[in-house]
Amino acid sequence: MSINLEVNVGGLVMKNPVTVGSGTFAYGQEYNSYFDVSRLGAVTTKSLSLKPRAGNKPPRLVETPAGMLNAIGLQNVGIEAYLRDKAPWLREHNCTIIGNIYGYSPEEYAELARRLEAEGAADAIEANLSCPNVHDARTARGCTLVAQDPEQVQRYTEAIRAATKLPLFIKLSPNVIDIAESALAAEAAGADGLSLINTLLGIGINPETRRPILSNIVGGLSGPAIRPVAVKLVWDAARAVKIPIIGMGGICNANDALQFILAGATAVAVGCYTFRKPDAAMDVVNGMEDYCRRHGVEKITDLIGAMEMQ
Amino acid sequence: MSINLEVNVGGLVMKNPVTVGSGTFAYGQEYNSYFDVSRLGAVTTKSLSLKPRAGNKPPRLVETPAGMLNAIGLQNVGIEAYLRDKAPWLREHNCTIIGNIYGYSPEEYAELARRLEAEGAADAIEANLSCPNVHDARTARGCTLVAQDPEQVQRYTEAIRAATKLPLFIKLSPNVIDIAESALAAEAAGADGLSLINTLLGIGINPETRRPILSNIVGGLSGPAIRPVAVKLVWDAARAVKIPIIGMGGICNANDALQFILAGATAVAVGCYTFRKPDAAMDVVNGMEDYCRRHGVEKITDLIGAMEMQ
Amino acid sequence: MPYILDCEITSHQEVAPGHYRLVAHAPEIAAAAAAGQFCMLEVQEGFYPFLRRPMCFERIYPDSVSILYKIEGEGTRLLSRFTAGQSINIQGPLGKPFPLNGAYQRHIMVAGGIGIAPFPALAEAIIAQLGKTPEVIIAARNEDLLLCEDIFQQMGCKIHLATDDGSVGKKAFASEVLDALEPSKDSIVYCCGPMPMMKATHAVCQQRKIPCLASLEAEMACGDGVCLGCVVEANVEIEAERMVRVCCDGPVFDSTTIHWESY
Amino acid sequence: MPYILDCEITSHQEVAPGHYRLVAHAPEIAAAAAAGQFCMLEVQEGFYPFLRRPMCFERIYPDSVSILYKIEGEGTRLLSRFTAGQSINIQGPLGKPFPLNGAYQRHIMVAGGIGIAPFPALAEAIIAQLGKTPEVIIAARNEDLLLCEDIFQQMGCKIHLATDDGSVGKKAFASEVLDALEPSKDSIVYCCGPMPMMKATHAVCQQRKIPCLASLEAEMACGDGVCLGCVVEANVEIEAERMVRVCCDGPVFDSTTIHWESY
Ligand SMILES: Cc1cc2nc3c(=O)[nH]c(=O)nc-3n(C[C@H](O)[C@H](O)[C@H](O)COP(=O)(O)OP(=O)(O)OC[C@H]3O[C@@H](n4cnc5c(N)ncnc54)[C@H](O)[C@@H]3O)c2cc1C
Ligand SMILES: Cc1cc2nc3c(=O)[nH]c(=O)nc-3n(C[C@H](O)[C@H](O)[C@H](O)COP(=O)(O)OP(=O)(O)OC[C@H]3O[C@@H](n4cnc5c(N)ncnc54)[C@H](O)[C@@H]3O)c2cc1C
Ligand SMILES: Cc1cc2nc3c(=O)[nH]c(=O)nc-3n(C[C@H](O)[C@H](O)[C@H](O)COP(=O)(O)O)c2cc1C
Ligand SMILES: Cc1cc2nc3c(=O)[nH]c(=O)nc-3n(C[C@H](O)[C@H](O)[C@H](O)COP(=O)(O)O)c2cc1C
Ligand code: FES
Ligand code: FES
């Protein structure tokens, strides 16, 4: 039986539904020594900003039960270095590229999207409207993330939409009461898809020193620990919107990934588990194919949102 | 050196800052075969409702990485059976009792609080305004929990406040954007303290059957997996209100508990880790005492909110 | 009163493909345990897996207990990694044992697959305490997965085999084998195995008006009656008391108390 | 190119209180590894702990590698439970090795505590590749915690001991011992140990205008340059390039590139 794993995510054709979480795969090349990264449905880049960024001071990460907190603070090479040094490698190696972008204003996002499209350096844009690590936790309170405020989501999405014809995915935050609201706002503003979830806000404190472990105090929680939360949010969003969803949060294997797909995701991203097992995303691809074979599923798209309820 | 572990939580004097999570310790007696439960700062009861409840259909629980999802649905013996069969045992054994209550209206909560006070069957009231397992996930959307809506929190708290002079704690939900809002609402309405966090919403799906694992589809995520999220929310709430906080979410040992205290909690509750290690709460008491000895801390209250920031 | 103890593993062997027997030195637990009860095992340190795993006692020796288990998922796979000499954390005994009633002449145990696990201990107890020798129906997918035959043979039990593929014994369901044994009012039945098999066994017993004790399984968090996670639906009029806990109201139930229609 | 392999543990022993040496059969990794590089170990299956643990190579043999480690927390405690014959998952080699420069006559290694770990491999490389015999300063809290003395003795290295409590060797900081050795412009220093000790060593080298290579530590998630979690502040003018990754820009850095004022 030949299995068709191809999915179309809002115009982006992926040969299989598996990409990687932004920030957990750098710019692709780094992990090519472990497996042929072009075999993934797509490579998602670290968030790119207009200027290179140094990010937060260390310590920037701490392990937690079945997960980790990070407060990298979007250290990245900047769009120019990406276009010059990173994108060519991805292109040469025939990778499908989801260019993840981060800006300080709708205009910056629009500019980033425009540059990526103009240079042919991405096949789709993922706008990170939900990075928890760019605020000072001492003073921040309430809706500090664009993705927490549906009106802002709409405003930002419209600006980016106007700047690019590439498939546009909006990356949302789990730190909301009702993900459907931000999902609907993005959809209304012309997004072609949603990426969720970004990390949950968390803190680790070292009782021995009485200090927060992260220099930024607050970090983003990722890993298998958050997977049930992520599946729930994907299910919520999928019932609210018509545009496709890239689901992520704690995916380690095909079984995890299939939960997202059954809950309504069209594609999935493997995030920080890659740090433990660099070829985890490839495992997911292979495991999905096995699953389909075992269950007589001819095309993976038959499983999207196929969770059965009594 | 003699260490003073006593804390006063909004009028409730606890001989040490350690209680248990409602629903993870039944009515106290069950775990007395493992250790003398009266040695805890307090025993918190399973949520009590006016009528006994059967709860949700099984399956009601599923293990997750470093945690578990539950959708018990507040099965409990009801207030009358509690007063008749459970409270006397707790009283005979000199347990300090936090009576956790759940109702369908402010009036029901008020009635429950009144009964507990009238019968001397609790030393403090914890009002669970945040149980995620009493709604039908198929249809529920948005602010389904009282604790997600500050106005409702205020209305419910006022009603319970008017019904009892016992110390009153409001148990809040982590499924919000800004915990400070619900915390402030509870404080304004006369709460003596806050309990946080209740469980995060989550879903588990079995790809083999394509069905949700829980009969209720959605359940509440607890355990070490959520600890960083809980510490963050306690920190947020503690900076917003003056009333004390009982912190919980994934506490397994004294180190975990101290994170909550350093973040601003006055007391802590050990929840589902008790299922793995029935005397975990006692470990926390002992470990806190050790810590204080090692660090020359004479009274545990010196550590409340004592996290140091650069 | 349950204990929680680190116990030395004295032997651990694969007894059939994917099936293992683990014997642990646990004098206190063994002394307190009775057939039908179970224990909760820590299969790895730390939080993976997060919960203990329930396993009933296959046999209860003076100073040790044995468990017989099947690799089902991650927890049991990790359990199978332990080697003799290592120590394992055991909580138990938990739950209610099989009640023993000398009024019956014929004691028939009906086991489906790994559901055989509690019966060696039960057979021993029936022999020792009631002076009767039970019969046992062992049903399994195929010959390789028929467990404990040797044990029951040594005890002198009459053994009835059934396999799904007919590779040995009858090609029949355990409940059909039971029916064919024509148990009458001097008989009592004990069963353990997959829900459909126990449901069918219950039906046979109902029809024949004989008592049936079923040992149930459910996902468990605490094993102590606290979490209310392990409930099954019972035939109770009062709505609020319909959910009974497998861990402490069971795992052994009079089959008439279970609301089999839900399963 | 790093490998990820299940490797058999050929020996595992406690060499000092709370300190262990683990040798694993890992021909591919050994063949690719150089002194100063490290590996990432899976200390338990599943998600506890979630991340691998970085450990540098103590020695690199033809078919195996050894690591020397101290029990620091849960991960290293679990690591210490492995027994010879078991297999452990190793990812490596990772990071940049110590650069070897034959222009210097005097090669001085300065180790604080478990910071000794990379130096047996380095000493061996200096002897084999440069034909020079390095000196080593071993500083530790007390006599019991002085590690690897025998190894350096066998290699013919000059050894300078220092302990915090003066129980053996000088009662002095490693950097003070270095200063007392009066290294001059024919000398190169390699150091590894706690940040304050490396900072002080760097200061001595600066003052004496000699090069110093420091092997740094940082919390790591990926070990591969991907997560950007392991950065330290470097002396880089361009703000955006100030954060360098210990895992792939290091762990060995020319000490002048590190912004020691931050530590
Ligand atoms: C009272 C009792 C006694 C038992 N005695 C035995 C025995 O003697 N021999 C034996 O082989 N098995 C026995 N089981 C079943 C055994 O506990 C499960 O097979 C085991 O927990 C599966 O764990 P896993 O991690 O390998 O599987 P996974 O499928 O990875 O487990 C995932 C989760 O589901 C739960 N789970 C999965 N299957 C079952 C099940 N059938 N029953 C309860 N929980 C389950 C696990 O506890 C875990 O929380 C018993 C169960 C109960 C309740
Ligand atoms: C490149 C490199 C090489 C190393 N080589 C050695 C060696 O040869 N021998 C040796 O004993 N130790 C070495 N370490 C330190 C070793 O990795 C830590 O002691 C170990 O990770 C602690 O883990 P734990 O779970 O026992 O401690 P915990 O304190 O429980 O660890 C908690 C978390 O902090 C991290 N962590 C704690 N201390 C350190 C540290 N000093 N450096 C990095 N991460 C830390 C852990 O990785 C983990 O994520 C090296 C570290 C690095 C970065
Ligand atoms: C170290 C690290 C860095 C990350 N950086 C980014 C980023 O730059 N942009 C972004 O949109 N998400 C970033 N994320 C979030 C991930 O892409 C992903 O949404 C999240 O980690 C959940 O998936 P996981 O649990 O599988 O890791 C980062 C996550 C981690 C762990
Ligand atoms: C099985 C189970 C049942 C629970 N029942 C209740 C309840 O009845 N009332 C309530 O307020 N919280 C209930 N909770 C929530 C806990 O009290 C606690 O807030 C939460 O589990 C987080 O703590 P933990 O991670 O330490 O378990 C329950 C939790 C679990 C796991
Ligand atoms: S397993 Fe907790 S009540 Fe039965
Ligand atoms: S550990 Fe991930 S970049 Fe260094």
# chains A, B, ... in the order shown; residues from 1 in each chain; ligands from 1
>>> interface_residues(of="chain A", to="chain C", cutoff="12 Å", atoms="only C-alpha atoms", output="list in words")
Thr64, Pro65, Ala66, Gly67, Pro224 and Ala225 of chain A
>>> interface_residues(of="chain D", to="chain C", cutoff="12 Å", atoms="only C-alpha atoms", output="JSON, numbers by chain")
{"D": [43, 44, 45, 46, 47, 48, 49, 50, 74, 75, 77, 78, 81, 82, 83, 86]}
>>> write_last_selection(atoms="C-alpha atoms", output="mmCIF file, in the first residue's frame")
data_model
loop_
_atom_site.group_PDB
_atom_site.id
_atom_site.type_symbol
_atom_site.label_atom_id
_atom_site.label_comp_id
_atom_site.auth_asym_id
_atom_site.auth_seq_id
_atom_site.Cartn_x
_atom_site.Cartn_y
_atom_site.Cartn_z
ATOM 1 C CA VAL D 43 21.192 9.266 31.862
ATOM 2 C CA GLN D 44 17.788 7.577 31.904
ATOM 3 C CA GLU D 45 15.175 6.474 29.399
ATOM 4 C CA GLY D 46 12.096 8.568 28.866
ATOM 5 C CA PHE D 47 11.649 12.145 30.037
ATOM 6 C CA TYR D 48 13.349 12.123 33.393
ATOM 7 C CA PRO D 49 15.607 13.901 33.119
ATOM 8 C CA PHE D 50 14.428 15.543 29.925
ATOM 9 C CA GLU D 74 19.659 14.079 39.862
ATOM 10 C CA GLY D 75 21.149 13.495 36.427
ATOM 11 C CA ARG D 77 23.098 10.513 40.439
ATOM 12 C CA LEU D 78 21.139 8.478 37.905
ATOM 13 C CA ARG D 81 23.573 3.827 38.739
ATOM 14 C CA PHE D 82 24.677 2.363 35.433
ATOM 15 C CA THR D 83 26.672 -0.819 35.733
ATOM 16 C CA GLN D 86 24.704 -1.989 30.446
#
>>> closest_residue(among="A:Arg155, A:Lys57, A:Arg276, A:Lys242", to="chain B", atoms="only C-alpha atoms")
A:Lys57
>>> interface_residues(of="chain B", to="chain A", cutoff="7 Å", atoms="only C-alpha atoms", output="list in words")
Pro65, Ala66, Gly142, Cys143, Asn175, Val176, Ile177, Asp178, Leu201, Gly202, Ile203, Gly204, Ile205, Pro207, Arg210, Arg211, Pro224, Ala225, Pro228, Val229, Val231, Lys232, Asn255, Leu258, Gln259, Leu262, Met307, Glu308 and Met309 of chain B
>>> residues_near_ligand(ligand="ligand 1", cutoff="8 Å", atoms="only C-alpha atoms and all ligand atoms", output="count of residues only")
44
>>> residues_near_ligand(ligand="ligand 3", cutoff="7 Å", atoms="only C-alpha atoms and all ligand atoms", output="PyMOL selection string")
(chain A and resi 21-24+46-47+68+70+72+74+100+128+130-131+171+196-199+222-224+226-227+248-251+269-273) or (chain D and resi 227-229)
>>> closest_residue(among="C:Tyr263, C:Ser80, C:Gly223, C:Val244", to="ligand 4", atoms="only C-alpha atoms and all ligand atoms")
C:Gly223
>>> select_by_dssp(residues="stretch 64-228 of chain D", states="strand (DSSP E)", output="ChimeraX atom specification")
/D:64-70,87-94,106-112,135-140,158-163,187-192,212-215
>>> decode(residues="stretch 47-68 of chain C", atoms="N, CA, C and O atoms", output="PDB file, in the first residue's frame")
ATOM      1  N   PHE C  47      10.052  10.926  37.319  1.00  0.00           N
ATOM      2  CA  PHE C  47       8.683  11.177  36.868  1.00  0.00           C
ATOM      3  C   PHE C  47       8.322  10.474  35.577  1.00  0.00           C
ATOM      4  O   PHE C  47       7.348  10.853  34.920  1.00  0.00           O
ATOM      5  N   TYR C  48       9.097   9.512  35.176  1.00  0.00           N
ATOM      6  CA  TYR C  48       8.773   8.807  33.940  1.00  0.00           C
ATOM      7  C   TYR C  48       8.815   7.316  34.176  1.00  0.00           C
ATOM      8  O   TYR C  48       9.894   6.763  34.313  1.00  0.00           O
ATOM      9  N   PRO C  49       7.695   6.629  34.206  1.00  0.00           N
ATOM     10  CA  PRO C  49       6.352   7.217  34.169  1.00  0.00           C
ATOM     11  C   PRO C  49       6.016   7.921  35.481  1.00  0.00           C
ATOM     12  O   PRO C  49       6.668   7.677  36.494  1.00  0.00           O
ATOM     13  N   PHE C  50       4.976   8.714  35.462  1.00  0.00           N
ATOM     14  CA  PHE C  50       4.627   9.485  36.647  1.00  0.00           C
ATOM     15  C   PHE C  50       3.949   8.631  37.712  1.00  0.00           C
ATOM     16  O   PHE C  50       4.182   8.808  38.900  1.00  0.00           O
ATOM     17  N   LEU C  51       3.098   7.727  37.270  1.00  0.00           N
ATOM     18  CA  LEU C  51       2.306   6.935  38.214  1.00  0.00           C
ATOM     19  C   LEU C  51       2.886   5.536  38.408  1.00  0.00           C
ATOM     20  O   LEU C  51       3.620   5.027  37.567  1.00  0.00           O
ATOM     21  N   ARG C  52       2.526   4.950  39.531  1.00  0.00           N
ATOM     22  CA  ARG C  52       2.876   3.556  39.751  1.00  0.00           C
ATOM     23  C   ARG C  52       2.028   2.667  38.837  1.00  0.00           C
ATOM     24  O   ARG C  52       1.031   3.119  38.280  1.00  0.00           O
ATOM     25  N   ARG C  53       2.406   1.408  38.731  1.00  0.00           N
ATOM     26  CA  ARG C  53       1.651   0.456  37.925  1.00  0.00           C
ATOM     27  C   ARG C  53       1.041  -0.615  38.827  1.00  0.00           C
ATOM     28  O   ARG C  53       1.766  -1.216  39.628  1.00  0.00           O
ATOM     29  N   PRO C  54      -0.266  -0.846  38.690  1.00  0.00           N
ATOM     30  CA  PRO C  54      -0.913  -1.876  39.499  1.00  0.00           C
ATOM     31  C   PRO C  54      -0.667  -3.283  38.949  1.00  0.00           C
ATOM     32  O   PRO C  54      -0.761  -3.497  37.741  1.00  0.00           O
ATOM     33  N   MET C  55      -0.373  -4.203  39.837  1.00  0.00           N
ATOM     34  CA  MET C  55      -0.152  -5.603  39.466  1.00  0.00           C
ATOM     35  C   MET C  55      -0.668  -6.464  40.610  1.00  0.00           C
ATOM     36  O   MET C  55      -0.353  -6.208  41.771  1.00  0.00           O
ATOM     37  N   CYS C  56      -1.447  -7.472  40.287  1.00  0.00           N
ATOM     38  CA  CYS C  56      -1.922  -8.314  41.383  1.00  0.00           C
ATOM     39  C   CYS C  56      -0.863  -9.346  41.735  1.00  0.00           C
ATOM     40  O   CYS C  56       0.090  -9.574  41.001  1.00  0.00           O
ATOM     41  N   PHE C  57      -1.042  -9.949  42.903  1.00  0.00           N
ATOM     42  CA  PHE C  57      -0.098 -10.960  43.353  1.00  0.00           C
ATOM     43  C   PHE C  57      -0.420 -12.270  42.650  1.00  0.00           C
ATOM     44  O   PHE C  57      -1.547 -12.757  42.720  1.00  0.00           O
ATOM     45  N   GLU C  58       0.581 -12.812  41.988  1.00  0.00           N
ATOM     46  CA  GLU C  58       0.375 -14.114  41.367  1.00  0.00           C
ATOM     47  C   GLU C  58       0.471 -15.202  42.439  1.00  0.00           C
ATOM     48  O   GLU C  58      -0.348 -16.102  42.492  1.00  0.00           O
ATOM     49  N   ARG C  59       1.509 -15.055  43.255  1.00  0.00           N
ATOM     50  CA  ARG C  59       1.642 -15.980  44.377  1.00  0.00           C
ATOM     51  C   ARG C  59       2.143 -15.214  45.581  1.00  0.00           C
ATOM     52  O   ARG C  59       2.824 -14.190  45.463  1.00  0.00           O
ATOM     53  N   ILE C  60       1.778 -15.733  46.738  1.00  0.00           N
ATOM     54  CA  ILE C  60       2.191 -15.112  47.987  1.00  0.00           C
ATOM     55  C   ILE C  60       2.958 -16.161  48.768  1.00  0.00           C
ATOM     56  O   ILE C  60       2.385 -17.171  49.191  1.00  0.00           O
ATOM     57  N   TYR C  61       4.255 -15.970  48.889  1.00  0.00           N
ATOM     58  CA  TYR C  61       5.106 -16.912  49.604  1.00  0.00           C
ATOM     59  C   TYR C  61       5.331 -16.379  51.017  1.00  0.00           C
ATOM     60  O   TYR C  61       4.968 -15.229  51.314  1.00  0.00           O
ATOM     61  N   PRO C  62       5.960 -17.161  51.875  1.00  0.00           N
ATOM     62  CA  PRO C  62       6.167 -16.659  53.243  1.00  0.00           C
ATOM     63  C   PRO C  62       6.939 -15.328  53.269  1.00  0.00           C
ATOM     64  O   PRO C  62       6.571 -14.421  53.994  1.00  0.00           O
ATOM     65  N   ASP C  63       7.971 -15.211  52.462  1.00  0.00           N
ATOM     66  CA  ASP C  63       8.790 -14.011  52.534  1.00  0.00           C
ATOM     67  C   ASP C  63       8.796 -13.186  51.260  1.00  0.00           C
ATOM     68  O   ASP C  63       9.503 -12.192  51.159  1.00  0.00           O
ATOM     69  N   SER C  64       8.056 -13.647  50.267  1.00  0.00           N
ATOM     70  CA  SER C  64       8.120 -12.916  49.015  1.00  0.00           C
ATOM     71  C   SER C  64       6.799 -12.996  48.261  1.00  0.00           C
ATOM     72  O   SER C  64       5.905 -13.765  48.630  1.00  0.00           O
ATOM     73  N   VAL C  65       6.702 -12.196  47.253  1.00  0.00           N
ATOM     74  CA  VAL C  65       5.505 -12.221  46.404  1.00  0.00           C
ATOM     75  C   VAL C  65       5.965 -12.318  44.957  1.00  0.00           C
ATOM     76  O   VAL C  65       7.067 -11.896  44.612  1.00  0.00           O
ATOM     77  N   SER C  66       5.112 -12.880  44.113  1.00  0.00           N
ATOM     78  CA  SER C  66       5.465 -12.873  42.704  1.00  0.00           C
ATOM     79  C   SER C  66       4.375 -12.156  41.925  1.00  0.00           C
ATOM     80  O   SER C  66       3.204 -12.143  42.325  1.00  0.00           O
ATOM     81  N   ILE C  67       4.780 -11.531  40.856  1.00  0.00           N
ATOM     82  CA  ILE C  67       3.803 -10.956  39.944  1.00  0.00           C
ATOM     83  C   ILE C  67       4.092 -11.510  38.556  1.00  0.00           C
ATOM     84  O   ILE C  67       5.228 -11.864  38.222  1.00  0.00           O
ATOM     85  N   LEU C  68       3.033 -11.617  37.800  1.00  0.00           N
ATOM     86  CA  LEU C  68       3.120 -12.153  36.447  1.00  0.00           C
ATOM     87  C   LEU C  68       2.524 -11.078  35.558  1.00  0.00           C
ATOM     88  O   LEU C  68       1.396 -10.640  35.777  1.00  0.00           O
TER      89      LEU C  68
END
